[in-house]
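Visitor: Once you've had a glance at the structure underneath, I'll fire off some questions.
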Amino acid sequence: MSISTSVLSDLLQSIPYLRPQLYFKASLTALSHAMEDQVLAATLEQPLVIASFQRERYYRQEAHRYQRLAQRSNQIYVLSAPETDFTNSSEHYEKIAFEFEDALSQEWHLVVIAENYATCLVCRENLGSITKNKQLPEFTPSLDMDTSRRFEGIWTSERGVSLKVAELLLDRIVIYRPSLVNKVKQARLRFGIGETRSYSQTNQMTEFACDIDTDPFVQRLVTYLQASQYKLHKAYRSITAQARKERLVNSISTAIRRSLDPHEVLQIAAQELGQHLGASRCLIYRAQATDVQAMIEHEFLMSSVLSVCGETWELDKNPLFQEVIKKGEGVCVADTLTDSRVTSSKTLSVIAKKFAIRSWLIEPVLFQGRLLGIVELHYCTLPPHEWQQGELDLVEAIATQMGAALIQAEAYANLEELNQQLEALDRTRSNLIAITGHELRTPLSTIQVCLESLASEPDMPVELQQVMLSTALSDSERMRKLVQDFLTLSNLESGRVEWHPESLTLQECVDLALSRLRTRSTPEKPPKIKTQISQNLPLVRADGDWLVEVLAKLIDNACKFTPQKGEISIKATRNGNQMVEVTVADTGRGIEPNRLEIVFDRFYQEEGALRRTAGGTGLGLAICRQIVNGWGGEIWAESKGKDQGSQFHFTIPVVQNSQEEKRSKVKSK
């Protein structure tokens, strides 16, 4: 016979009245085990047993059963397609290794022939149905051991059919192991295998009849079927629990993702998770691995449970938190009264007692290994809560969703900030175009007119020539200042400035700034300026050139917007132990309260870029802010409104023990 032919196909051709049935893997497993147990239950019988497995991996699961069967008979044959160490051998029972090309690799067979009974199972794995000519279509079986695998074939206790199946399989055994010819011949003679017989419908019942007790077989079959039903029921419960978990995760995730506000995300998560798990208290707070403390901001509470919101958790003294950081996963405490991690920690013992925590879970909120926060579940009731694996998996899944939601919210916040920065840059660009166009075009036009006049009119009076030259020089200085301010602000904002801090006397810096103002040639007389610098002020620590620049620009700004009859005052006082506060006040135009912050923006002009009476680029205050921030100070503006004057304040750090240093300098003089 050819090894490419199917045993089931040959059987159906030999016995035409047979009709194959559909079997699931669980059913075939139960039938096979019941047939094998029938052999194990016999005491004197030495039956012929032939089992054919599709692959060695399937055989390995049943090898121990066939070692037991070998103790009941010396006529045990096992066929399988080898994958590792399955080879032809006669240890315990006869092993026959067939080739993968053999049709046996797609079939499942078991035949038991005894003196007073016979039964066989002949199936081929298939998804389709058997054709009318009883030929099975080619099919590549799935390698999964899933119970949904389907087979088509014959299971019967009809002796004639069983003998025919045994004949077909023994023929295949002799092909692969010719050395077994004599042993196979003994089996054929003993059980009458291969004898000519009729397989008409009328003699089926006679062939089927036997005088053995089938009750053990039936009981074993029912047992295996019940076990299979139990496994299916257990699998169904697992699937149901998984589906419930997924629905819960989806509902909480949906609730979390409705908002892009991180605070709202955490509050929703705490509420939903606490309610679904029936916790006495659910806390969620932001924390990083290096944090020493964390404030509880988001909380879910059951009724009559003490609130923790607003409390500060000491993280560096919390063994549970440190364990979470070390392991990168959640930690649960079944009973705080007996858990050594709690009882040996004074911090945790105090928290557990104060807030009546009996069972405790801490789960990290992670995103790509980065700690974003912590979820805590507290159970304050008796008996202590028994943590189920499903609960732990659920909390972990929700924490994962929260991590993604927080990153999403942070990304949105960053996007909003970037959008605002882009809008500011766009406004800056527009202002830059408007201001530079106005500030450069006007002086350039003036310079051009003056130079053209001087070049084209050589007979111009000397006095008028001097006026033309002065005007051109004045406007060229105005352009130089514009370009210088652009470069200064650009260097400050890009961090290309090198600071050279030193100990300074504030009075000297104010005097230098005022002298710079006096040397400037202006057509209008500046308003009256008075200074009130205390002699007892400590030395300040800053870069002297930049400090003078801040004072000069604030004084210059006050002069622009203060009439000649007005007054400008410069004051300096202590602001705590670490800072000196300098105030440049004027009695000029004033600032609307809603514009006190934006006056420090680049290119800001109180009257607008193209319709102002005072000159300037709107960069002076922006430069001042960058300089003051550079030495760690603050700068701000105050005003009661239009035409009520303005006050500009900034702080400078003092030099430690500066009073002693100042006295030593005085003595040296």
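So you can find residues: chains in the structure tokens are A, B, ... in the order shown, residues in each start at 1, and ligands are numbered from 1 in order.
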Among the residues of segment 407-613 of chain A, find those DSSP assigns to strand (DSSP E or B) from the backbone and print them as an MDAnalysis selection string.
Guide: chainID A and resid 502:504 528:533 540:542 567:575 579:586
Visitor: If you keep N, CA and C atoms, can you produce a file of those selected residues as a short mmCIF file (atom, residue, chain, number, x, y, z; two decimals), in the first residue's frame?
Guide:
data_model
loop_
_atom_site.label_atom_id
_atom_site.label_comp_id
_atom_site.auth_asym_id
_atom_site.auth_seq_id
_atom_site.Cartn_x
_atom_site.Cartn_y
_atom_site.Cartn_z
N GLU A 502 30.02 91.01 40.42
CA GLU A 502 30.99 91.59 41.34
C GLU A 502 30.24 92.34 42.43
N SER A 503 30.93 92.67 43.50
CA SER A 503 30.34 93.43 44.60
C SER A 503 30.32 94.91 44.21
N LEU A 504 29.14 95.54 44.29
CA LEU A 504 28.97 96.92 43.81
C LEU A 504 28.27 97.78 44.84
N LYS A 528 12.90 116.88 36.37
CA LYS A 528 13.74 116.85 37.57
C LYS A 528 13.91 115.41 38.06
N ILE A 529 15.15 115.02 38.41
CA ILE A 529 15.45 113.67 38.90
C ILE A 529 16.08 113.78 40.28
N LYS A 530 15.54 113.06 41.22
CA LYS A 530 16.12 113.04 42.57
C LYS A 530 16.33 111.58 42.99
N THR A 531 17.35 111.38 43.81
CA THR A 531 17.69 110.03 44.28
C THR A 531 17.57 109.95 45.79
N GLN A 532 17.15 108.76 46.26
CA GLN A 532 17.06 108.50 47.71
C GLN A 532 17.67 107.13 47.97
N ILE A 533 19.00 107.10 48.00
CA ILE A 533 19.73 105.85 48.23
C ILE A 533 20.30 105.88 49.64
N VAL A 540 25.65 95.16 46.59
CA VAL A 540 24.88 94.24 45.76
C VAL A 540 25.84 93.46 44.87
N ARG A 541 25.36 92.30 44.44
CA ARG A 541 26.20 91.44 43.59
C ARG A 541 25.54 91.31 42.23
N ALA A 542 26.18 91.90 41.23
CA ALA A 542 25.66 91.85 39.87
C ALA A 542 26.77 92.24 38.91
N GLU A 567 8.41 114.89 37.70
CA GLU A 567 9.53 114.52 38.57
C GLU A 567 9.78 113.03 38.48
N ILE A 568 11.06 112.68 38.53
CA ILE A 568 11.48 111.27 38.54
C ILE A 568 12.28 111.03 39.81
N SER A 569 11.95 109.94 40.49
CA SER A 569 12.68 109.62 41.73
C SER A 569 13.26 108.21 41.63
N ILE A 570 14.46 108.06 42.20
CA ILE A 570 15.15 106.76 42.24
C ILE A 570 15.37 106.41 43.70
N LYS A 571 14.77 105.30 44.12
CA LYS A 571 14.87 104.88 45.52
C LYS A 571 15.45 103.47 45.59
N ALA A 572 16.02 103.15 46.74
CA ALA A 572 16.55 101.79 46.98
C ALA A 572 16.36 101.44 48.44
N THR A 573 15.76 100.28 48.72
CA THR A 573 15.51 99.82 50.09
C THR A 573 15.80 98.33 50.18
N ARG A 574 15.93 97.86 51.42
CA ARG A 574 16.10 96.42 51.63
C ARG A 574 14.79 95.69 51.35
N ASN A 575 14.88 94.52 50.71
CA ASN A 575 13.72 93.65 50.46
C ASN A 575 14.06 92.27 51.03
N MET A 579 17.83 90.54 49.28
CA MET A 579 17.66 91.40 48.12
C MET A 579 17.61 92.88 48.50
N VAL A 580 18.00 93.72 47.54
CA VAL A 580 17.77 95.16 47.59
C VAL A 580 16.78 95.49 46.48
N GLU A 581 15.78 96.32 46.81
CA GLU A 581 14.76 96.68 45.83
C GLU A 581 15.00 98.11 45.36
N VAL A 582 15.10 98.29 44.04
CA VAL A 582 15.30 99.60 43.43
C VAL A 582 14.01 100.01 42.74
N THR A 583 13.59 101.28 42.95
CA THR A 583 12.37 101.79 42.35
C THR A 583 12.68 103.06 41.55
N VAL A 584 12.24 103.05 40.28
CA VAL A 584 12.32 104.25 39.44
C VAL A 584 10.89 104.70 39.20
N ALA A 585 10.50 105.82 39.85
CA ALA A 585 9.12 106.30 39.79
C ALA A 585 9.06 107.61 39.02
N ASP A 586 7.93 107.85 38.37
CA ASP A 586 7.74 109.12 37.65
C ASP A 586 6.31 109.60 37.84
#
Visitor: Quick one: pull the distance between atom CA of Ala356 of chain A and atom CA of Thr400 of chain A, Å, one decimal.
Guide: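 Taking atom CA of Ala356 of chain A as the start and atom CA of Thr400 of chain A as the end point, the length is 28.1 Å.
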Visitor: Which is closest to Leu273 of chain A among A:Thr347, A:Gln401, A:Asn594, A:Asn74, if we use only C-alpha atoms?
Guide: A:Gln401
Visitor: Using only C-alpha atoms for the distances, tell me which of A:Asn250, A:Ser470, A:Pro458, A:Glu158 is nearest to Leu394 of chain A.
Guide: A:Asn250
Visitor: Extract the full set of alpha helix (DSSP H) residues from segment 332-397 of chain A according to DSSP on the backbone, and format it as a count of residues only.
Guide: 22
Visitor: Near Thr343 of chain A, counting only C-alpha atoms, which residues have an atom at most 12 Å away, once you skip same-chain residues fewer than 5 positions from it, shown as a VMD selection string?
Guide: chain A and resid 318 to 320 333 335 to 338 348 to 353 358
Visitor: Write the selection just made, keeping N, CA and C atoms, as a tab-separated table (two decimals), in the first residue's frame?
Guide:
chain	number	residue	atom	x	y	z
A	318	ASN	N	8.95	56.13	52.96
A	318	ASN	CA	7.87	55.18	52.72
A	318	ASN	C	8.43	53.93	52.05
A	319	PRO	N	8.58	52.81	52.80
A	319	PRO	CA	9.16	51.59	52.22
A	319	PRO	C	8.35	51.05	51.04
A	320	LEU	N	7.02	51.22	51.07
A	320	LEU	CA	6.20	50.73	49.97
A	320	LEU	C	6.49	51.50	48.69
A	333	VAL	N	-0.58	45.21	50.23
A	333	VAL	CA	-0.50	44.78	51.63
A	333	VAL	C	-1.85	44.21	52.01
A	335	ASP	N	-2.78	42.93	55.06
A	335	ASP	CA	-3.18	43.36	56.40
A	335	ASP	C	-2.07	44.22	56.99
A	336	THR	N	-2.35	45.48	57.22
A	336	THR	CA	-1.33	46.39	57.73
A	336	THR	C	-0.92	46.06	59.16
A	337	LEU	N	-1.74	45.28	59.87
A	337	LEU	CA	-1.41	44.94	61.26
A	337	LEU	C	-0.35	43.84	61.34
A	338	THR	N	-0.19	43.09	60.24
A	338	THR	CA	0.75	41.97	60.28
A	338	THR	C	1.87	42.09	59.25
A	348	LEU	N	4.66	54.63	58.01
A	348	LEU	CA	3.50	53.87	57.53
A	348	LEU	C	2.57	53.47	58.67
A	349	SER	N	3.13	53.15	59.81
A	349	SER	CA	2.29	52.77	60.95
A	349	SER	C	1.40	53.92	61.37
A	350	VAL	N	1.96	55.14	61.40
A	350	VAL	CA	1.17	56.32	61.77
A	350	VAL	C	0.07	56.56	60.76
A	351	ILE	N	0.39	56.46	59.45
A	351	ILE	CA	-0.62	56.68	58.41
A	351	ILE	C	-1.72	55.63	58.49
A	352	ALA	N	-1.33	54.37	58.63
A	352	ALA	CA	-2.32	53.29	58.68
A	352	ALA	C	-3.25	53.45	59.87
A	353	LYS	N	-2.70	53.84	61.02
A	353	LYS	CA	-3.53	54.01	62.21
A	353	LYS	C	-4.41	55.24	62.12
A	358	ARG	N	-6.56	49.18	56.51
A	358	ARG	CA	-6.34	47.78	56.87
A	358	ARG	C	-5.68	47.00	55.71
Visitor: Applying 12 Å and only C-alpha atoms, which residues near Ser453 of chain A remain after dropping the ones on its own chain fewer than 5 positions away? List them as a compact mmCIF listing (two decimals) with C-alpha atoms, in the first residue's frame.
Guide:
# COMPACT_ATOMS: atom_id res chain seq x y z
CA THR A 446 16.23 112.56 7.23
CA ILE A 447 19.90 111.63 6.80
CA GLN A 448 19.42 111.32 3.05
CA PRO A 458 27.80 124.24 -1.63
CA ASP A 459 26.86 127.88 -0.97
CA MET A 460 24.64 126.98 1.97
CA PRO A 461 25.31 129.18 5.02
CA LEU A 464 22.49 125.85 8.15
CA GLN A 465 25.23 123.34 7.26
CA GLN A 466 25.80 122.81 10.99
CA VAL A 467 22.08 122.19 11.51
CA MET A 468 22.06 119.64 8.68
CA LEU A 469 25.08 117.80 10.09
CA ALA A 472 22.09 113.63 10.36
Visitor: Need to verify the contact set: segment 236-242 of chain A, 12 Å, only C-alpha atoms, exclusion of same-chain residues closer than 6 positions in sequence. Can you return it as a PyMOL selection string?
Guide: chain A and resi 229-230+248-249+389-391+393-394
Visitor: Would you mind reading off the distance between atom CA of Arg441 of chain A and atom CA of Glu463 of chain A, one decimal, in Å?
Guide: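 Pair atom CA of Arg441 of chain A / atom CA of Glu463 of chain A returns 26.3 Å.
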Visitor: Let me make sure I understand: among A:Leu79, A:Leu221, A:Leu619, A:Ile96, which one has the smallest atom-to-atom distance to Asp37 of chain A if we use only C-alpha atoms?
Guide: A:Leu221
Visitor: Given only C-alpha atoms as the basis, pick out the residue of A:Ile398, A:Phe561, A:Thr505, A:His500 nearest to Leu277 of chain A.
Guide: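 Result for the nearest residue to Leu277 of chain A: A:Ile398.
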Visitor: Env of Ala404 of chain A: 10 Å cut, atoms = only C-alpha atoms, seq-sep filter 5 positions within chain, self excluded. Answer as a CSV table (one decimal) with N, CA, C and O atoms, in the first residue's frame.
Guide:
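Writing done, so here's part-v1.csv:
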chain,number,residue,atom,x,y,z
A,253,SER,N,-11.3,54.4,30.8
A,253,SER,CA,-10.4,55.1,29.9
A,253,SER,C,-11.2,56.2,29.1
A,253,SER,O,-10.7,57.3,28.9
A,257,ARG,N,-10.3,60.1,29.2
A,257,ARG,CA,-9.8,60.8,27.9
A,257,ARG,C,-10.8,61.9,27.5
A,257,ARG,O,-10.6,62.5,26.4
A,365,VAL,N,1.9,54.9,38.2
A,365,VAL,CA,1.5,55.3,36.9
A,365,VAL,C,2.7,55.6,36.1
A,365,VAL,O,3.4,56.6,36.3
A,366,LEU,N,3.0,54.7,35.1
A,366,LEU,CA,4.2,54.8,34.3
A,366,LEU,C,3.9,55.1,32.9
A,366,LEU,O,2.8,54.8,32.4
A,367,PHE,N,4.9,55.7,32.2
A,367,PHE,CA,4.8,55.8,30.8
A,367,PHE,C,6.2,55.7,30.2
A,367,PHE,O,7.1,56.5,30.5
A,368,GLN,N,6.5,54.6,29.5
A,368,GLN,CA,7.8,54.3,29.0
A,368,GLN,C,8.8,54.3,30.1
A,368,GLN,O,9.9,54.8,29.9
A,372,LEU,N,5.1,58.8,36.6
A,372,LEU,CA,4.3,60.0,36.5
A,372,LEU,C,3.4,60.3,37.8
A,372,LEU,O,3.1,61.4,38.1
A,398,ILE,N,-5.6,50.3,34.4
A,398,ILE,CA,-6.1,51.6,34.5
A,398,ILE,C,-4.9,52.6,34.7
A,398,ILE,O,-4.9,53.7,34.1
A,399,ALA,N,-3.9,52.2,35.5
A,399,ALA,CA,-2.8,53.0,35.7
A,399,ALA,C,-2.0,53.2,34.3
A,399,ALA,O,-1.5,54.3,34.1
A,409,ALA,N,-2.3,64.7,27.9
A,409,ALA,CA,-2.7,66.0,28.4
A,409,ALA,C,-1.5,67.0,28.5
A,409,ALA,O,-1.6,68.2,28.1
A,410,GLU,N,-0.3,66.4,28.9
A,410,GLU,CA,0.9,67.3,28.9
A,410,GLU,C,1.3,67.7,27.5
A,410,GLU,O,1.7,68.9,27.3
Visitor: Check the smallest atom-to-atom distance from each of A:Val122, A:Leu31, A:Leu539, A:Leu170 to Arg19 of chain A using only C-alpha atoms, then report the winner.
Guide: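 Counting only C-alpha atoms, the residue closest to Arg19 of chain A is A:Val122.
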Visitor: If we count only C-alpha atoms and set the cut-off at 12 Å, which residues sit around Gln484 of chain A, ignoring sequence neighbours fewer than 6 positions away in its own chain? Please answer as a list in words.
Guide: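 Answer for this query is Glu477, Arg478, Ser490, Asn491, Thr617, Leu619, Gly620 and Ile623 of chain A.
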Visitor: Compare A:Gly618, A:Pro563, A:Pro364, A:Pro384 by their minimum atom-to-atom distance to Arg589 of chain A, counting only C-alpha atoms, and give me the closest one.
Guide: A:Pro563
